[in-house]
Structures are given as C-alpha cells and as structure tokens.
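Text of final_16.pdb (PDB, C-alpha atoms) as supplied:
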ATOM      1  CA  GLU J   1      10.710  -6.112  21.427
ATOM      2  CA  ALA J   2       7.377  -7.803  20.736
ATOM      3  CA  ALA J   3       8.984  -9.937  18.026
ATOM      4  CA  SER J   4      11.510 -11.408  20.448
ATOM      5  CA  ASN J   5       9.217 -11.727  23.491
ATOM      6  CA  PRO J   6       7.750 -15.273  23.605
ATOM      7  CA  GLN J   7       4.880 -14.085  25.803
ATOM      8  CA  VAL J   8       3.611 -11.786  23.031
ATOM      9  CA  ARG J   9       1.415 -13.597  20.508
ATOM     10  CA  ALA J  10      -0.162 -10.580  18.778
ATOM     11  CA  VAL J  11       0.178  -6.797  18.602
ATOM     12  CA  ILE J  12      -2.661  -4.299  18.267
ATOM     13  CA  LEU J  13      -2.126  -0.960  16.538
ATOM     14  CA  THR J  14      -4.580   1.825  17.301
ATOM     15  CA  GLY J  15      -4.649   5.593  17.471
ATOM     16  CA  ALA J  16      -5.322   8.248  20.079
ATOM     17  CA  GLY J  17      -7.258  11.470  20.397
ATOM     18  CA  GLY J  18     -10.020  10.328  18.079
ATOM     19  CA  ALA J  19      -7.747   9.489  15.142
ATOM     20  CA  PHE J  20      -5.875   6.460  13.883
ATOM     21  CA  THR J  21      -3.221   8.667  12.292
ATOM     22  CA  SER J  22      -3.341  11.932  10.378
ATOM     23  CA  GLY J  23      -0.249  10.950   8.384
ATOM     24  CA  ASN J  24       3.300  12.192   8.381
ATOM     25  CA  ASP J  25       4.092  15.764   9.392
ATOM     26  CA  LEU J  26       4.610  17.834   6.229
ATOM     27  CA  ALA J  27       6.952  20.119   8.159
ATOM     28  CA  ASP J  28       9.203  17.117   8.779
ATOM     29  CA  PHE J  29       9.099  16.306   5.082
ATOM     30  CA  LEU J  30       9.967  19.874   4.153
ATOM     31  CA  GLY J  31      12.893  19.744   6.552
ATOM     32  CA  GLY J  32      14.145  16.497   5.041
ATOM     33  CA  SER J  33      14.124  14.677   8.389
ATOM     34  CA  ALA J  34      11.741  11.933   7.296
ATOM     35  CA  SER J  35      12.975  11.127   3.807
ATOM     36  CA  SER J  36      15.605   8.413   4.111
ATOM     37  CA  GLU J  37      15.810   4.714   4.947
ATOM     38  CA  GLU J  38      17.414   5.717   8.258
ATOM     39  CA  SER J  39      14.393   7.799   9.298
ATOM     40  CA  PRO J  40      12.070   6.618  12.096
ATOM     41  CA  VAL J  41       9.187   6.455   9.603
ATOM     42  CA  PHE J  42      11.023   4.048   7.300
ATOM     43  CA  GLN J  43      12.302   1.984  10.227
ATOM     44  CA  PHE J  44       8.743   1.636  11.502
ATOM     45  CA  MET J  45       7.538   0.584   8.055
ATOM     46  CA  MET J  46      10.199  -2.105   7.751
ATOM     47  CA  ALA J  47       9.633  -3.353  11.317
ATOM     48  CA  LEU J  48       5.935  -3.825  10.596
ATOM     49  CA  TYR J  49       6.549  -5.437   7.198
ATOM     50  CA  GLN J  50       9.027  -7.953   8.647
ATOM     51  CA  PHE J  51       7.151  -8.598  11.908
ATOM     52  CA  PRO J  52       6.704 -12.393  12.256
ATOM     53  CA  LYS J  53       3.731 -12.374  14.618
ATOM     54  CA  LEU J  54       0.158 -11.272  14.172
ATOM     55  CA  VAL J  55      -0.714  -7.584  13.852
ATOM     56  CA  ILE J  56      -4.278  -6.336  14.267
ATOM     57  CA  ALA J  57      -5.297  -2.740  13.543
ATOM     58  CA  ALA J  58      -8.203  -0.970  15.275
ATOM     59  CA  VAL J  59      -9.086   2.090  13.198
ATOM     60  CA  SER J  60     -11.180   5.011  14.367
ATOM     61  CA  GLY J  61     -11.247   8.566  13.072
ATOM     62  CA  VAL J  62      -8.948   9.558  10.216
ATOM     63  CA  ALA J  63      -6.429   7.196   8.612
ATOM     64  CA  VAL J  64      -4.449   9.330   6.181
ATOM     65  CA  GLY J  65      -1.426   8.344   4.081
ATOM     66  CA  ILE J  66       0.637   5.892   6.110
ATOM     67  CA  GLY J  67      -2.497   5.413   8.219
ATOM     68  CA  THR J  68      -4.075   3.648   5.260
ATOM     69  CA  THR J  69      -1.048   2.014   3.639
ATOM     70  CA  LEU J  70       0.135   0.364   6.866
ATOM     71  CA  LEU J  71      -3.168  -1.524   6.984
ATOM     72  CA  LEU J  72      -1.996  -3.450   3.919
ATOM     73  CA  HIS J  73       0.623  -5.070   6.164
ATOM     74  CA  CYS J  74      -1.628  -5.948   9.095
ATOM     75  CA  ASP J  75      -3.103  -9.434   9.390
ATOM     76  CA  LEU J  76      -6.503  -8.104  10.442
ATOM     77  CA  ALA J  77      -7.910  -4.574  10.362
ATOM     78  CA  ILE J  78     -11.117  -3.494  12.107
ATOM     79  CA  ALA J  79     -12.574  -0.087  11.222
ATOM     80  CA  GLU J  80     -15.283   1.891  12.944
ATOM     81  CA  ASP J  81     -18.111   3.063  10.724
ATOM     82  CA  GLU J  82     -17.112   6.742  11.018
ATOM     83  CA  ALA J  83     -13.492   6.133  10.006
ATOM     84  CA  VAL J  84     -12.197   8.117   7.040
ATOM     85  CA  PHE J  85      -9.365   6.903   4.813
ATOM     86  CA  GLN J  86      -7.223   8.759   2.293
ATOM     87  CA  MET J  87      -4.019   8.282   0.286
ATOM     88  CA  PRO J  88      -3.355  11.867  -0.870
ATOM     89  CA  PHE J  89       0.173  11.294  -2.180
ATOM     90  CA  VAL J  90      -0.356  12.666  -5.701
ATOM     91  CA  ASN J  91      -2.275  15.629  -4.249
ATOM     92  CA  LEU J  92       0.918  16.500  -2.363
ATOM     93  CA  GLY J  93       3.189  16.085  -5.363
ATOM     94  CA  LEU J  94       4.409  12.749  -4.019
ATOM     95  CA  CYS J  95       4.131   9.108  -5.112
ATOM     96  CA  PRO J  96       2.680   5.976  -3.472
ATOM     97  CA  GLU J  97       4.544   4.448  -0.532
ATOM     98  CA  TYR J  98       4.933   1.236   1.452
ATOM     99  CA  ALA J  99       4.397  -1.129  -1.504
ATOM    100  CA  SER J 100       0.892   0.279  -2.031
ATOM    101  CA  SER J 101       1.504   0.548  -5.791
ATOM    102  CA  LEU J 102       2.137  -3.215  -5.789
ATOM    103  CA  ILE J 103      -0.442  -4.430  -3.275
ATOM    104  CA  LEU J 104      -3.486  -2.277  -4.033
ATOM    105  CA  PRO J 105      -3.933  -3.452  -7.653
ATOM    106  CA  ARG J 106      -3.612  -7.055  -6.438
ATOM    107  CA  ILE J 107      -6.293  -6.823  -3.764
ATOM    108  CA  MET J 108      -8.811  -4.529  -5.472
ATOM    109  CA  GLY J 109      -8.003  -4.429  -9.189
ATOM    110  CA  GLN J 110      -6.125  -1.914 -11.314
ATOM    111  CA  SER J 111      -8.989   0.513 -11.917
ATOM    112  CA  LYS J 112      -9.989   0.913  -8.254
ATOM    113  CA  ALA J 113      -6.348   1.206  -7.157
ATOM    114  CA  ALA J 114      -5.819   3.917  -9.764
ATOM    115  CA  GLU J 115      -8.908   5.760  -8.507
ATOM    116  CA  LEU J 116      -7.790   5.769  -4.875
ATOM    117  CA  LEU J 117      -4.130   6.579  -5.574
ATOM    118  CA  LEU J 118      -4.448   9.054  -8.458
ATOM    119  CA  LEU J 119      -7.472  11.018  -7.273
ATOM    120  CA  GLY J 120      -6.399  10.806  -3.629
ATOM    121  CA  ASN J 121      -9.926  11.440  -2.377
ATOM    122  CA  LYS J 122     -11.274  10.453   1.030
ATOM    123  CA  PHE J 123     -13.303   7.253   1.319
ATOM    124  CA  ASP J 124     -15.339   5.667   4.087
ATOM    125  CA  ALA J 125     -14.998   2.463   6.091
ATOM    126  CA  GLN J 126     -17.543   0.581   4.000
ATOM    127  CA  THR J 127     -15.502   1.319   0.877
ATOM    128  CA  ALA J 128     -12.301   0.273   2.652
ATOM    129  CA  ALA J 129     -13.897  -3.051   3.535
ATOM    130  CA  SER J 130     -15.305  -3.582   0.044
ATOM    131  CA  VAL J 131     -11.829  -3.209  -1.513
ATOM    132  CA  ASN J 132     -10.124  -5.388   1.123
ATOM    133  CA  ILE J 133      -8.199  -2.691   2.988
ATOM    134  CA  CYS J 134      -9.958  -3.709   6.186
ATOM    135  CA  ASN J 135     -11.707  -6.913   7.236
ATOM    136  CA  GLU J 136     -14.685  -5.623   9.156
ATOM    137  CA  VAL J 137     -16.640  -2.481   9.964
ATOM    138  CA  VAL J 138     -18.057  -2.020  13.463
ATOM    139  CA  PHE J 139     -19.962   0.714  15.265
ATOM    140  CA  SER J 140     -18.189   3.725  16.731
ATOM    141  CA  GLY J 141     -16.208   2.874  19.846
ATOM    142  CA  GLU J 142     -16.106  -0.865  19.142
ATOM    143  CA  ALA J 143     -12.953  -1.334  17.032
ATOM    144  CA  LEU J 144     -10.437  -1.708  19.859
ATOM    145  CA  GLY J 145     -12.671  -4.132  21.761
ATOM    146  CA  ARG J 146     -13.163  -6.254  18.647
ATOM    147  CA  ALA J 147      -9.407  -6.195  17.965
ATOM    148  CA  ARG J 148      -8.711  -7.322  21.524
ATOM    149  CA  ALA J 149     -11.218 -10.147  21.154
ATOM    150  CA  TYR J 150      -9.516 -11.333  17.974
ATOM    151  CA  ALA J 151      -6.096 -11.054  19.633
ATOM    152  CA  ALA J 152      -7.256 -13.114  22.623
ATOM    153  CA  GLU J 153      -8.701 -15.767  20.315
ATOM    154  CA  LEU J 154      -5.551 -15.948  18.188
ATOM    155  CA  ALA J 155      -3.277 -15.985  21.260
ATOM    156  CA  LYS J 156      -4.797 -19.318  22.252
ATOM    157  CA  LYS J 157      -3.724 -20.968  19.016
ATOM    158  CA  ALA J 158      -0.427 -22.816  18.437
ATOM    159  CA  PRO J 159       2.095 -19.960  18.067
ATOM    160  CA  GLU J 160       4.495 -21.652  15.653
ATOM    161  CA  ALA J 161       1.603 -22.771  13.437
ATOM    162  CA  VAL J 162       0.273 -19.204  13.384
ATOM    163  CA  ARG J 163       3.652 -17.710  12.490
ATOM    164  CA  LEU J 164       4.211 -20.305   9.771
ATOM    165  CA  SER J 165       0.748 -19.709   8.340
ATOM    166  CA  LYS J 166       1.424 -15.963   8.202
ATOM    167  CA  LYS J 167       4.708 -16.630   6.414
ATOM    168  CA  LEU J 168       3.093 -18.986   3.902
ATOM    169  CA  LEU J 169       0.296 -16.536   3.171
ATOM    170  CA  ARG J 170       2.974 -14.120   1.963
ATOM    171  CA  GLN J 171       5.038 -16.563  -0.078
ATOM    172  CA  GLY J 172       5.634 -15.305  -3.556
ATOM    173  CA  THR J 173       4.963 -11.700  -2.547
ATOM    174  CA  TYR J 174       7.317 -11.032   0.361
ATOM    175  CA  GLU J 175      10.445 -10.263  -1.680
ATOM    176  CA  ALA J 176       8.447  -8.330  -4.255
ATOM    177  CA  GLY J 177       6.982  -6.243  -1.444
ATOM    178  CA  LEU J 178      10.415  -5.466  -0.018
ATOM    179  CA  ALA J 179      11.639  -4.393  -3.440
ATOM    180  CA  ALA J 180       8.560  -2.213  -3.951
ATOM    181  CA  ILE J 181       8.975  -0.534  -0.559
ATOM    182  CA  ARG J 182      12.569   0.392  -1.349
ATOM    183  CA  GLU J 183      11.826   1.540  -4.895
ATOM    184  CA  GLU J 184       8.890   3.667  -3.792
ATOM    185  CA  ALA J 185      11.023   5.123  -0.970
ATOM    186  CA  ARG J 186      13.683   6.142  -3.482
ATOM    187  CA  TYR J 187      11.159   7.933  -5.674
ATOM    188  CA  PHE J 188       9.411   9.350  -2.597
ATOM    189  CA  GLN J 189      12.664  10.874  -1.396
ATOM    190  CA  GLU J 190      13.233  12.430  -4.796
ATOM    191  CA  ARG J 191       9.704  13.844  -4.774
ATOM    192  CA  LEU J 192      10.312  15.448  -1.372
ATOM    193  CA  GLN J 193      12.995  17.564  -3.038
ATOM    194  CA  SER J 194      10.703  18.588  -5.896
ATOM    195  CA  GLU J 195       9.142  21.969  -6.486
ATOM    196  CA  GLU J 196       5.769  20.245  -6.889
ATOM    197  CA  PHE J 197       5.905  18.946  -3.318
ATOM    198  CA  ARG J 198       7.097  22.292  -2.008
ATOM    199  CA  GLU J 199       4.144  24.015  -3.667
ATOM    200  CA  ALA J 200       1.692  21.427  -2.341
ATOM    201  CA  ALA J 201       3.044  21.546   1.217
ATOM    202  CA  THR J 202       3.193  25.344   1.268
ATOM    203  CA  ALA J 203      -0.352  25.561  -0.060
ATOM    204  CA  PHE J 204      -1.543  23.127   2.619
ATOM    205  CA  MET J 205       0.059  25.176   5.389
ATOM    206  CA  GLU J 206      -1.326  28.399   3.902
ATOM    207  CA  LYS J 207      -4.773  26.771   3.609
ATOM    208  CA  ARG J 208      -5.102  27.430  -0.106
ATOM    209  CA  PRO J 209      -5.393  25.210  -3.190
ATOM    210  CA  ALA J 210      -2.089  24.144  -4.680
ATOM    211  CA  ASP J 211      -1.306  25.658  -8.074
ATOM    212  CA  PHE J 212       0.488  23.250 -10.389
ATOM    213  CA  SER J 213      -0.253  25.226 -13.574
ATOM    214  CA  ARG J 214       3.381  26.303 -14.027
ATOM    215  CA  PHE J 215       4.702  22.732 -13.905
ATOM    216  CA  GLU J 216       5.159  20.633 -17.026
TER     217      GLU J 216
END
Representation of the structure as structure tokens:
Amino acid sequence: EAASNPQVRAVILTGAGGAFTSGNDLADFLGGSASSEESPVFQFMMALYQFPKLVIAAVSGVAVGIGTTLLLHCDLAIAEDEAVFQMPFVNLGLCPEYASSLILPRIMGQSKAAELLLLGNKFDAQTAASVNICNEVVFSGEALGRARAYAAELAKKAPEAVRLSKKLLRQGTYEAGLAAIREEARYFQERLQSEEFREAATAFMEKRPADFSRFE
C-alpha cells in the first residue's frame, strides 16, 4: 500500500514491547507453516526487498534472526545503545537467510561475516554500526525519534530523484540479491525438515543445550 500511495515518501520499521523482533516463531517452523515462498514471512521479505521508496529502521531491544537480516535491506538503520543483535541460524541447525550470505561479506569482509553467521553469537549496537549493519547508535529511547527526523528530512526531497538514487545504489547487486534470497530459502526449507533443526528447536523449547553429537 505504501509503495503505491503517492503521499508516502518513506516507511519506518520499528518494534513493540521493548523489542525490535525476537525472530520467527520456532513452533511455526516446526509446523511447516513458515517454510515456503507462499508464507507470510517470505512475502514480507520480498516486499521489503522490492520496495521502491525509502525504508528506515528504528531498533531497540533484541533484533534476532530476521530482525538483523532485514536491516540489510533498509536504507537507514538507527539502533539504540542497548540493542542486541544475533543471527543464530547455524545454532538452530539452519542456514543464512534473506541474502545475508551474499551481503554480509560485501559490507564487512569475509572473516567478520563468517564470525557472525557461523558462531551465531549476540553482538551489541556498536559492533553492528562498526560492520555497517546500522548507520548510527543513539541513546535508549531515541531511535524512533531520530528515524522520524530522517524520514521528515527525506520526505522534503524530490521523490523521483530519491527513488532513482535508491535504484542506482543497488545496480549490479539487485538481481544477485534476488537469486540469493531464493537459493537461501530453498536450503532453509530443506533445513526445516532436518533432524538437526528438530533437535535444536526441541532443545530450545526444553531449555537445554542442543546435542548434535550423533549427527555426521
């Protein structure tokens, strides 16, 4: 709706309840309801990737999984200093998503991308800014206000020039990103059917460490 509404110049994404997003529901993944290109999750991902106007993220609290990878497709991302990021895909027996395996090495280098994706550990807002996942770190409670200020500033600019500039900034990478999203989604769906994922998800729900010792 925002894409087709000429009165909308920019969209702000933010969270609620003290979190940006805690990630996808593992129960949905176990039930298979969030594993295909027809799922709401995938449709959201594609809508954001193809969105022609400006998108600004205001991050507070936790940004887990899709909460971190979606920031790679925002034009600006503002994080509060207490925000916590994590891409725990491998920890859950899964693989990277949303073209993160393509984009992260490009924006931060191969070694740092491998660290964040393979170890899947939490990292803070200052680290997110230093590796170009977000643009700016602000004090607690200030992210949404700063995002609104940026949106108001950008809304005053020539809309066609802004849209064209966004398009040109992505030239040479747009099609590669689409291909990566679809390839990752295919592998992700396969991983959701794996015994490794089932062990990881069950362990998470049972609040115990996952045991992958029996897997080759």
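The closest residue to Gln126 (chain J), picked from J:Ala83, J:Lys167, J:Ser101, J:Tyr174 and counting all atoms listed in the file, is J:Ala83.
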(request) Excluding Glu80 (chain J) and any residue of its chain fewer than 6 positions from it, enumerate the residues within 12 Å of it, using only C-alpha atoms, and give them as number ranges by chain. (result) J: 14, 18-20, 57-63, 124-126, 128-129, 134-147
Export of the given selection (C-alpha atoms) as an mmCIF file, in the frame of the given file:
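Dumped to selection_7.cif:
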data_model
loop_
_atom_site.group_PDB
_atom_site.id
_atom_site.type_symbol
_atom_site.label_atom_id
_atom_site.label_comp_id
_atom_site.auth_asym_id
_atom_site.auth_seq_id
_atom_site.Cartn_x
_atom_site.Cartn_y
_atom_site.Cartn_z
ATOM 1 C CA THR J 14 -4.580 1.825 17.301
ATOM 2 C CA GLY J 18 -10.020 10.328 18.079
ATOM 3 C CA ALA J 19 -7.747 9.489 15.142
ATOM 4 C CA PHE J 20 -5.875 6.460 13.883
ATOM 5 C CA ALA J 57 -5.297 -2.740 13.543
ATOM 6 C CA ALA J 58 -8.203 -0.970 15.275
ATOM 7 C CA VAL J 59 -9.086 2.090 13.198
ATOM 8 C CA SER J 60 -11.180 5.011 14.367
ATOM 9 C CA GLY J 61 -11.247 8.566 13.072
ATOM 10 C CA VAL J 62 -8.948 9.558 10.216
ATOM 11 C CA ALA J 63 -6.429 7.196 8.612
ATOM 12 C CA ASP J 124 -15.339 5.667 4.087
ATOM 13 C CA ALA J 125 -14.998 2.463 6.091
ATOM 14 C CA GLN J 126 -17.543 0.581 4.000
ATOM 15 C CA ALA J 128 -12.301 0.273 2.652
ATOM 16 C CA ALA J 129 -13.897 -3.051 3.535
ATOM 17 C CA CYS J 134 -9.958 -3.709 6.186
ATOM 18 C CA ASN J 135 -11.707 -6.913 7.236
ATOM 19 C CA GLU J 136 -14.685 -5.623 9.156
ATOM 20 C CA VAL J 137 -16.640 -2.481 9.964
ATOM 21 C CA VAL J 138 -18.057 -2.020 13.463
ATOM 22 C CA PHE J 139 -19.962 0.714 15.265
ATOM 23 C CA SER J 140 -18.189 3.725 16.731
ATOM 24 C CA GLY J 141 -16.208 2.874 19.846
ATOM 25 C CA GLU J 142 -16.106 -0.865 19.142
ATOM 26 C CA ALA J 143 -12.953 -1.334 17.032
ATOM 27 C CA LEU J 144 -10.437 -1.708 19.859
ATOM 28 C CA GLY J 145 -12.671 -4.132 21.761
ATOM 29 C CA ARG J 146 -13.163 -6.254 18.647
ATOM 30 C CA ALA J 147 -9.407 -6.195 17.965
#
(request) Considering only C-alpha atoms, state which residue in the set J:Leu54, J:Leu70, J:Leu104, J:Ile181 is at the smallest distance from Glu160 (chain J). (result) J:Leu54
Evaluate the PyMOL selection byres ((chain J and resi 94-100) around 6) on the structure here and hand back the selected residues as an mmCIF file with C-alpha atoms, in the frame of the given file.
data_model
loop_
_atom_site.group_PDB
_atom_site.id
_atom_site.type_symbol
_atom_site.label_atom_id
_atom_site.label_comp_id
_atom_site.auth_asym_id
_atom_site.auth_seq_id
_atom_site.Cartn_x
_atom_site.Cartn_y
_atom_site.Cartn_z
ATOM 1 C CA PHE J 89 0.173 11.294 -2.180
ATOM 2 C CA VAL J 90 -0.356 12.666 -5.701
ATOM 3 C CA LEU J 92 0.918 16.500 -2.363
ATOM 4 C CA GLY J 93 3.189 16.085 -5.363
ATOM 5 C CA SER J 101 1.504 0.548 -5.791
ATOM 6 C CA LEU J 102 2.137 -3.215 -5.789
ATOM 7 C CA ILE J 103 -0.442 -4.430 -3.275
ATOM 8 C CA LEU J 104 -3.486 -2.277 -4.033
ATOM 9 C CA GLY J 177 6.982 -6.243 -1.444
ATOM 10 C CA ALA J 180 8.560 -2.213 -3.951
ATOM 11 C CA ILE J 181 8.975 -0.534 -0.559
ATOM 12 C CA GLU J 184 8.890 3.667 -3.792
ATOM 13 C CA PHE J 188 9.411 9.350 -2.597
ATOM 14 C CA ARG J 191 9.704 13.844 -4.774
#
(request) To verify the selection step, state as a PyMOL selection string which residues the PyMOL selection byres ((chain J and resi 48) around 12) yields on this input. (result) chain J and resi 2-3+11-13+41-47+49-57+66+69-75+98+178
Using the file's own x, y and z axes, what box holds all listed atoms of region 6-25 of chain J with 5 Å on each side, keeping edges along x, y and z, and what are its centre and edge lengths in Å to one decimal, as JSON?
{"center_x": -1.1, "center_y": 0.2, "center_z": 17.1, "size_x": 27.8, "size_y": 41.0, "size_z": 27.4}
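Among the candidates J:Ser39, J:Arg106, J:Asp211, J:Ala151, the one nearest to Glu199 (chain J) when counting only C-alpha atoms is J:Asp211.
If you look at CA of Asp81 (chain J) and CA of Leu119 (chain J), they are 22.4 Å away from each other.
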(message) What does the structure give for the distance between CA of Ala10 (chain J) and CA of Leu168 (chain J), in Å to one decimal?
(response) 17.4 Å
(message) Please expand the PyMOL selection byres ((chain J and resi 25) around 12) into the concrete residues it hits in this file, giving the result as a PyMOL selection string.
(response) chain J and resi 21-24+26-35+41+64-66+201+204-205
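Taking CA of Phe85 (chain J) as the reference point, CA of Ala210 (chain J) is found at 21.0 Å.
Checking J:Leu164, J:Ala185, J:Met108, J:Ile78 one by one against Ala149 (chain J), counting all atoms listed in the file, you find the shortest gap at J:Ile78.
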(request) Could you please give me, as a ChimeraX atom specification, the residues of protein, DNA or RNA lying at most 8 Å from (6.8, 19.6, -11.1) in the coordinate frame of the file, considering all atoms listed in the file? (result) /J:93,194-197,212,215-216
(message) Let me make sure I understand: among J:Gln7, J:Asn121, J:Thr202, J:Gln110, which one has the smallest atom-to-atom distance to Met87 (chain J) if we use only C-alpha atoms?
(response) J:Asn121
(request) Check the smallest atom-to-atom distance from each of J:Asn132, J:Asn91, J:Thr127, J:Thr173 to Ala200 (chain J) using only C-alpha atoms, then report the winner. (result) J:Asn91
